[in-house]
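Enquirer: Structure in structure tokens, see below.
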Amino acid sequence: MDNLIPAPLRIGANTPGEGFLPDRSTTLTAQPGTETTERWLRAALGAAFGLPLDPPRPGTKDAGNTVELCLDPALGPESYRLVVAPGTGVRITGGDSAGVFWGAQTLRQLLGAEAYRRAPVASGPRRSVPFVEIEDGPRFAWRGLMLDVARHFMRKDDVLRYLDLLAAHKLNVFHFHLTDDQGWRVEIKRHPRLTETASWRARTKYGHRASELWDETPHGGFYTQDDIREIVAYAAERHIRVVPEIDIPGHSQAAISAYPELGNTDVIDTSSLSVWDTWGINPNVLAPTDNTLRFFEGVFEELLDLFPAATSPFIHIGGDECPKDQWKASAAAQARIAELGLRDEEELQSWFIRHFDTWLTARGRRLIGWDEILEGGLADGAAISSWRGYAGGIAAAEAGHDVVMCPEQQVYLDHRQDGGADEPMPIGYVRTLEDVYRFEPVPPGLSEEAARHIIGTQANAWAEVMQNRARVDYQVFPRLAALAEVAWSRLPAPEERDFAGFERRMEAHYARLDALGVDYRPPGGPLPWQRRPGILGRPIEGPPPNV
Ligand code: ACM
């Protein structure tokens with residue numbers, strides 16, 4: 001009870017007594033509208049403890065040995081009340097079906113680390129749930145993690161596992177970075193070469209780009225359309241929204257290598273391009289032609305079918321790091337600028353983004369992009385992922401746009417989490433667990449009105465130096481637990497946060513992560529097999545600037 005992560009809003013007085021110990025005759029009663037949690041509880045807790053959690057037999061009284069799931073809209077979105085009392089068992093009441101689900105996540109934490117296993121290690125739970133009353137609900141509606149499955153492919157099973165990890169931390173947004181220079185990861189039936197050729201590369205830079213090492217093993221993979229449907233449905237069962245990202249007009253070399261006409265053919269021979277095998281900002285960007293627009297409208301048409309509006313209201317179009325050199329050198333791009341009456345290449349990028357903004361809005365979706373898309377002015381409904389610092393997010397919020405705060409100086413989990421020499425392939429700033437715990441998504445000085453546009457926060461995990469699931473786990477955990485508390489809990493100002501208390505609760509949480517099989521970074525530093533001696537990273541020295 002005193003080791004919940006993220007910390008709940010209110011924990012009532014503990015009623016004395018032994019608490020509630022579920023057993024084979026414990027029943028599970030689910031009011032209509034709570035079926036996702038009913039299914040999840042049976043699958044997760046039922047498996048962990050070997051309990052059937054049967055529905056009550058009609059006409060029988062449950063005699064207080066029950067887990068009951070109810071709805072009370074008065075509690076508000078994603079909020080819940082969890083009551084464990086003598087003679088009544090456990091009752092979880094949600095403001096909506098998501099609230100019930102988050103309440104069930106709290107129940108799982110109360111049952112101890114064994115509740116995170118997939119089969120029983122003892123006959124039933126070893127620990128009873130204390131008699132308690134918890135009231136809880138999130139600070140932010142958007143609580144997310146971005147995984148970069150383009151730089152290194154993450155197989156479908158590992159994505160599903162990450163959705164379980166998000167759910168365990170009451171995170172509700174999975175930002176799915178599906179395309180980049182180094183690989184295209186989603187099947188698009190009308191453009192088959194995106195997966196036939198653009199989904200794999202012949203070799204890969206091992207380490208940061210200054211490293212002289214290459215991994216000569218071909219690397220790649222992609223999700224079929226049914227894989228995507230499965231991922232989306234799995235997320236929806238866990239009240240997680242998926243935000244797919246197709247990164248345009250930069251970060252597009254993989255697509256251009258498969259369809260050379262998408263590139264600036266009057267500047268370079270795009271048919272000579274292959275899927276990029278190293279890291280950095282890539283000069284090969286999309287050509288601003290009608291053909292490119294139609295091609296990506298086709299991509300997005302299939303994407304909207306795969307990611308339904310109910311669970312993917314936002315579609316991410318990237319928009320970051322698009323060098324303008326090729327557009328400057330391209331007679332065709334310059335003619336386009338003149339024809340559209342634009343001032344320069346920056347405005348050409350805005351025109352490109354606005355085209356898809358209008359296109360998505362007409363289809364009932366909202367565009368979200370990295371903060372570069374703000375530069376040429378945005379359509380009303382568009383939202384921003386503020387990554388280059390707070391500034392883009394502040395400007396967007398002041399202009400009335402919704403903002404997800406994810407500044408690279410604070411919550412880029414690919415950045416190293418310690419200054420020690422043992423960190424594997426260390427890149428970026430040192431961002432410790434405590435740094436993430438003290439991250440504040442709403443910068444001081446925002447007007448109340450603008451602050452309301454900060455709809456939440458997410459951590460981003462770029463995968464240039466994360467070759468596999470264990471490396472991703474190492475970078476993401478334990479810091480994602482801190483981010484989850486920042487996003488969910490009502491924490492005081494950064495300097496007043498009780499990090500020592502959080503660390504104490506983390507002791508119990510490490511046991512949960514152990515039971516789940518998460519390769520987190522231990523508090524004492526990397527284990528021998530987590531180190532990558534001699535593999536060059538790109539650490540940035542000194543504290544991150546105030547931005
Ligand atoms: C980004 O990190 N380029 C969004």
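Letters for chains follow the order of the structure tokens (A, B, ...), residue numbers begin at 1 for each chain, and ligand numbers begin at 1 in the order shown.
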Taking only C-alpha atoms and all ligand atoms and a cut-off of 7 Å, can you tell me which residues surround ligand 1, written as a PyMOL selection string?

Expert: chain A and resi 320-321+370+387+408

Enquirer: Write a file of the selected residues as a compact mmCIF listing (two decimals), in the first residue's frame, keeping N, CA and C atoms.

Expert:
```txt
# COMPACT_ATOMS: atom_id res chain seq x y z
N ASP A 320 10.14 16.45 -38.23
CA ASP A 320 11.38 16.90 -37.59
C ASP A 320 12.56 16.78 -38.56
N GLU A 321 13.58 17.56 -38.27
CA GLU A 321 14.90 17.40 -38.88
C GLU A 321 14.84 17.15 -40.39
N TRP A 370 6.31 16.74 -34.57
CA TRP A 370 7.39 17.30 -33.75
C TRP A 370 7.37 18.82 -33.87
N TRP A 387 9.93 18.57 -28.46
CA TRP A 387 11.11 17.74 -28.17
C TRP A 387 12.39 18.54 -28.06
N GLU A 408 13.96 16.74 -25.17
CA GLU A 408 15.08 15.77 -25.23
C GLU A 408 16.03 15.96 -24.06
```

Enquirer: Any idea what's packed within 7 Å of segment 470-473 of chain A, counting only C-alpha atoms, ignoring anything in its chain fewer than 3 positions away? Could you give it as a list in words?

Expert: Met466, Gln467, Val476, Phe477, Val518, Asp519 and Tyr520 of chain A

Enquirer: Counting only C-alpha atoms, which residues in segment 468-525 of chain A sit no more than 10 Å from segment 426-444 of chain A? For each one, give the nearest pair of atoms and the distance in Å, sorted by chain then residue number, as a tab-separated table.

Expert:
```
residue	atom	partner	partner_atom	distance
A:Phe477	CA	A:Leu433	CA	9.0
A:Pro478	CA	A:Leu433	CA	7.0
A:Arg479	CA	A:Leu433	CA	5.2
A:Leu480	CA	A:Val436	CA	8.4
A:Ala481	CA	A:Tyr437	CA	8.7
A:Ala482	CA	A:Tyr437	CA	4.9
A:Leu483	CA	A:Val436	CA	6.2
A:Ala484	CA	A:Tyr437	CA	9.0
A:Glu485	CA	A:Tyr437	CA	7.6
A:Val486	CA	A:Tyr437	CA	6.5
A:Ala487	CA	A:Pro441	CA	8.1
A:Leu491	CA	A:Glu440	CA	9.1
A:Pro492	CA	A:Glu440	CA	9.5
A:Ala493	CA	A:Glu440	CA	7.6
A:Pro494	CA	A:Arg438	CA	4.6
A:Glu495	CA	A:Arg438	CA	7.0
A:Glu496	CA	A:Arg438	CA	8.8
A:Arg497	CA	A:Arg438	CA	6.9
A:Asp498	CA	A:Tyr437	CA	9.2
A:Phe499	CA	A:Glu434	CA	6.6
A:Ala500	CA	A:Glu434	CA	9.2
A:Phe502	CA	A:Tyr437	CA	8.5
A:Glu503	CA	A:Glu434	CA	8.9
A:Pro523	CA	A:Leu433	CA	9.1
```

Enquirer: Could you find all residues in segment 209-437 of chain A that DSSP calls alpha helix (DSSP H) from the backbone, and write them as a PDB file with C-alpha atoms, in the first residue's frame?

Expert:
```pdb
ATOM      1  CA  GLN A 225      -1.416  -5.321 -41.481  1.00  0.00           C
ATOM      2  CA  ASP A 226      -2.820  -8.071 -39.280  1.00  0.00           C
ATOM      3  CA  ASP A 227       0.126  -7.662 -36.888  1.00  0.00           C
ATOM      4  CA  ILE A 228      -0.808  -3.981 -36.615  1.00  0.00           C
ATOM      5  CA  ARG A 229      -4.481  -4.808 -36.055  1.00  0.00           C
ATOM      6  CA  GLU A 230      -3.459  -7.219 -33.307  1.00  0.00           C
ATOM      7  CA  ILE A 231      -1.234  -4.603 -31.653  1.00  0.00           C
ATOM      8  CA  VAL A 232      -3.981  -1.972 -31.814  1.00  0.00           C
ATOM      9  CA  ALA A 233      -6.583  -4.356 -30.384  1.00  0.00           C
ATOM     10  CA  TYR A 234      -4.204  -5.504 -27.635  1.00  0.00           C
ATOM     11  CA  ALA A 235      -3.589  -1.877 -26.721  1.00  0.00           C
ATOM     12  CA  ALA A 236      -7.299  -1.072 -26.750  1.00  0.00           C
ATOM     13  CA  GLU A 237      -7.979  -3.949 -24.324  1.00  0.00           C
ATOM     14  CA  GLN A 253      15.509   7.631 -47.124  1.00  0.00           C
ATOM     15  CA  ALA A 254      14.121   4.130 -46.658  1.00  0.00           C
ATOM     16  CA  ALA A 255      10.956   5.038 -48.597  1.00  0.00           C
ATOM     17  CA  ILE A 256      12.986   6.868 -51.269  1.00  0.00           C
ATOM     18  CA  SER A 257      15.287   3.872 -51.683  1.00  0.00           C
ATOM     19  CA  ALA A 258      12.257   1.719 -52.524  1.00  0.00           C
ATOM     20  CA  ASP A 290       2.067  15.866 -56.516  1.00  0.00           C
ATOM     21  CA  ASN A 291       3.302  12.316 -56.900  1.00  0.00           C
ATOM     22  CA  THR A 292       4.746  12.405 -53.362  1.00  0.00           C
ATOM     23  CA  LEU A 293       1.483  13.794 -51.960  1.00  0.00           C
ATOM     24  CA  ARG A 294      -0.596  11.098 -53.674  1.00  0.00           C
ATOM     25  CA  PHE A 295       1.833   8.385 -52.564  1.00  0.00           C
ATOM     26  CA  PHE A 296       1.574   9.364 -48.908  1.00  0.00           C
ATOM     27  CA  GLU A 297      -2.181   9.945 -49.081  1.00  0.00           C
ATOM     28  CA  GLY A 298      -2.275   6.293 -50.114  1.00  0.00           C
ATOM     29  CA  VAL A 299      -0.083   5.361 -47.152  1.00  0.00           C
ATOM     30  CA  PHE A 300      -2.288   7.303 -44.743  1.00  0.00           C
ATOM     31  CA  GLU A 301      -5.475   5.850 -46.247  1.00  0.00           C
ATOM     32  CA  GLU A 302      -4.302   2.363 -45.313  1.00  0.00           C
ATOM     33  CA  LEU A 303      -3.016   3.622 -41.994  1.00  0.00           C
ATOM     34  CA  LEU A 304      -6.391   5.119 -41.017  1.00  0.00           C
ATOM     35  CA  ASP A 305      -7.974   1.766 -41.710  1.00  0.00           C
ATOM     36  CA  LEU A 306      -5.415   0.022 -39.471  1.00  0.00           C
ATOM     37  CA  ASP A 325      19.654  21.642 -48.967  1.00  0.00           C
ATOM     38  CA  GLN A 326      18.112  19.442 -51.641  1.00  0.00           C
ATOM     39  CA  TRP A 327      15.075  21.720 -52.004  1.00  0.00           C
ATOM     40  CA  LYS A 328      17.433  24.678 -52.365  1.00  0.00           C
ATOM     41  CA  ALA A 329      19.321  22.875 -55.120  1.00  0.00           C
ATOM     42  CA  ALA A 331      14.855  23.334 -59.845  1.00  0.00           C
ATOM     43  CA  ALA A 332      11.606  21.389 -59.401  1.00  0.00           C
ATOM     44  CA  ALA A 333      11.322  22.341 -55.710  1.00  0.00           C
ATOM     45  CA  GLN A 334      12.109  25.967 -56.539  1.00  0.00           C
ATOM     46  CA  ALA A 335       9.450  25.958 -59.248  1.00  0.00           C
ATOM     47  CA  ARG A 336       7.015  24.554 -56.698  1.00  0.00           C
ATOM     48  CA  ILE A 337       7.869  27.350 -54.268  1.00  0.00           C
ATOM     49  CA  ALA A 338       7.239  29.950 -57.011  1.00  0.00           C
ATOM     50  CA  GLU A 339       4.026  28.322 -58.169  1.00  0.00           C
ATOM     51  CA  LEU A 340       2.638  28.230 -54.635  1.00  0.00           C
ATOM     52  CA  GLU A 345      11.996  26.255 -48.322  1.00  0.00           C
ATOM     53  CA  GLU A 346      10.773  26.655 -44.728  1.00  0.00           C
ATOM     54  CA  GLU A 347       7.379  27.617 -46.072  1.00  0.00           C
ATOM     55  CA  LEU A 348       7.540  24.678 -48.451  1.00  0.00           C
ATOM     56  CA  GLN A 349       7.839  22.379 -45.450  1.00  0.00           C
ATOM     57  CA  SER A 350       4.794  24.088 -43.860  1.00  0.00           C
ATOM     58  CA  TRP A 351       2.849  23.668 -47.076  1.00  0.00           C
ATOM     59  CA  PHE A 352       3.701  19.977 -47.015  1.00  0.00           C
ATOM     60  CA  ILE A 353       2.585  19.551 -43.399  1.00  0.00           C
ATOM     61  CA  ARG A 354      -0.547  21.649 -43.901  1.00  0.00           C
ATOM     62  CA  HIS A 355      -1.542  19.475 -46.829  1.00  0.00           C
ATOM     63  CA  PHE A 356      -1.672  16.433 -44.551  1.00  0.00           C
ATOM     64  CA  ASP A 357      -3.191  18.447 -41.740  1.00  0.00           C
ATOM     65  CA  THR A 358      -6.137  19.334 -43.998  1.00  0.00           C
ATOM     66  CA  TRP A 359      -6.246  15.796 -45.346  1.00  0.00           C
ATOM     67  CA  LEU A 360      -6.341  14.189 -41.887  1.00  0.00           C
ATOM     68  CA  THR A 361      -8.793  16.732 -40.480  1.00  0.00           C
ATOM     69  CA  ALA A 362     -11.184  16.037 -43.369  1.00  0.00           C
ATOM     70  CA  ALA A 391      10.055  26.525 -26.126  1.00  0.00           C
ATOM     71  CA  GLY A 392       8.117  24.952 -28.999  1.00  0.00           C
ATOM     72  CA  GLY A 393       5.533  23.614 -26.585  1.00  0.00           C
ATOM     73  CA  ILE A 394       5.160  26.971 -24.873  1.00  0.00           C
ATOM     74  CA  ALA A 395       4.686  28.789 -28.199  1.00  0.00           C
ATOM     75  CA  ALA A 396       2.184  26.177 -29.375  1.00  0.00           C
ATOM     76  CA  ALA A 397       0.209  26.204 -26.113  1.00  0.00           C
ATOM     77  CA  GLU A 398       0.089  30.013 -26.116  1.00  0.00           C
ATOM     78  CA  GLU A 408      15.076  15.770 -25.227  1.00  0.00           C
ATOM     79  CA  GLN A 409      17.011  17.436 -22.412  1.00  0.00           C
ATOM     80  CA  GLN A 410      14.720  15.727 -19.879  1.00  0.00           C
ATOM     81  CA  VAL A 411      12.886  12.637 -21.083  1.00  0.00           C
ATOM     82  CA  LEU A 433      16.177   8.413 -12.341  1.00  0.00           C
ATOM     83  CA  GLU A 434      16.041  11.442 -10.072  1.00  0.00           C
ATOM     84  CA  ASP A 435      16.290  13.853 -13.022  1.00  0.00           C
ATOM     85  CA  VAL A 436      13.289  12.212 -14.665  1.00  0.00           C
ATOM     86  CA  TYR A 437      11.429  12.184 -11.348  1.00  0.00           C
TER      87      TYR A 437
END
```

Enquirer: Could you pull out the strand (DSSP E or B) residues of segment 157-219 of chain A from DSSP and send them as a list in words?

Expert: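 DSSP-assigned strand (DSSP E or B) residues in segment 157-219 of chain A: Val173, Phe174, His175, Phe176, His177, Thr179, Asp180, Gly183, Trp184, Val186, Trp200, Arg201, Thr204, Lys205, Trp214, Asp215 and His219 of chain A.
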
Enquirer: Could you tell me how far atom CA of Gln109 of chain A lies from atom CA of Ile11 of chain A, in Å and to one decimal?

Expert: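 Straight-line distance from atom CA of Gln109 of chain A to atom CA of Ile11 of chain A works out to 14.1 Å.
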
Enquirer: Near Gly319 of chain A, within 7 Å and counting only C-alpha atoms, which residues show up once chain neighbours fewer than 5 positions away are dropped, as a list in words?

Expert: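 Counting only the stated atoms, we get Asp247, Ile248, Pro249, Gly250, Gly369, Trp370, Glu372 and Ile373 of chain A.
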
Enquirer: Go ahead and write the selection's residues with C-alpha atoms as a tab-separated table (two decimals), in the first residue's frame.

Expert:
```tsv
chain	number	residue	atom	x	y	z
A	247	ASP	CA	7.89	10.59	-40.50
A	248	ILE	CA	7.78	13.02	-43.47
A	249	PRO	CA	9.21	14.94	-45.34
A	250	GLY	CA	12.59	14.22	-43.71
A	369	GLY	CA	4.01	16.43	-35.24
A	370	TRP	CA	7.39	17.30	-33.75
A	372	GLU	CA	9.40	21.94	-36.12
A	373	ILE	CA	5.93	21.84	-37.70
```

Enquirer: Please determine, counting only C-alpha atoms, which residue among A:Pro323, A:Pro58, A:Pro244, A:Gly17 has the shortest atom-to-atom distance to Asp148 of chain A.

Expert: A:Pro244

Enquirer: Excluding same-chain residues fewer than 5 positions from Ile246 of chain A, what lies within 8 Å of it counting only C-alpha atoms, as a count of residues only?

Expert: 7

Enquirer: Enter the distance from atom CA of Asp2 of chain A to atom CA of Val84 of chain A, in Å, rounded to one decimal.

Expert: 15.0 Å

Enquirer: Can you pull out every residue within 6 Å of segment 381-385 of chain A, counting only C-alpha atoms, but drop anything in the same chain fewer than 4 positions away, and send it as an MDAnalysis selection string?

Expert: chainID A and resid 366:371 401:404

Enquirer: Nearest to Ala461 of chain A: which of A:Gly144, A:Gly364, A:Gly400, A:Pro522 is it, counting only C-alpha atoms?

Expert: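 Selected residue with least distance to Ala461 of chain A: A:Gly144.
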
Enquirer: Using only C-alpha atoms, can you tell me which of A:Val547, A:Met425, A:Asn14, A:Gly456 comes closest to Pro533 of chain A?

Expert: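 When distances to Pro533 of chain A are compared using only C-alpha atoms, the smallest one comes from A:Met425.
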
Enquirer: Nearest residue to Ile535 of chain A out of A:His208, A:Arg416, A:Arg512, A:Lys170, using only C-alpha atoms?

Expert: A:His208

Enquirer: Find the residues near segment 66-70 of chain A: any atom within 7 Å, counting only C-alpha atoms, skip ones fewer than 3 places away on the same chain, and give them as a count of residues only.

Expert: 15

Enquirer: What does the structure give for the distance between atom CA of Ile281 of chain A and atom CA of Ser386 of chain A, in Å to one decimal?

Expert: 18.3 Å

Enquirer: Using only C-alpha atoms for the distances, tell me which of A:Pro313, A:Pro539, A:Phe222, A:Leu446 is nearest to Ile188 of chain A.

Expert: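 Counting only C-alpha atoms, the residue closest to Ile188 of chain A is A:Phe222.
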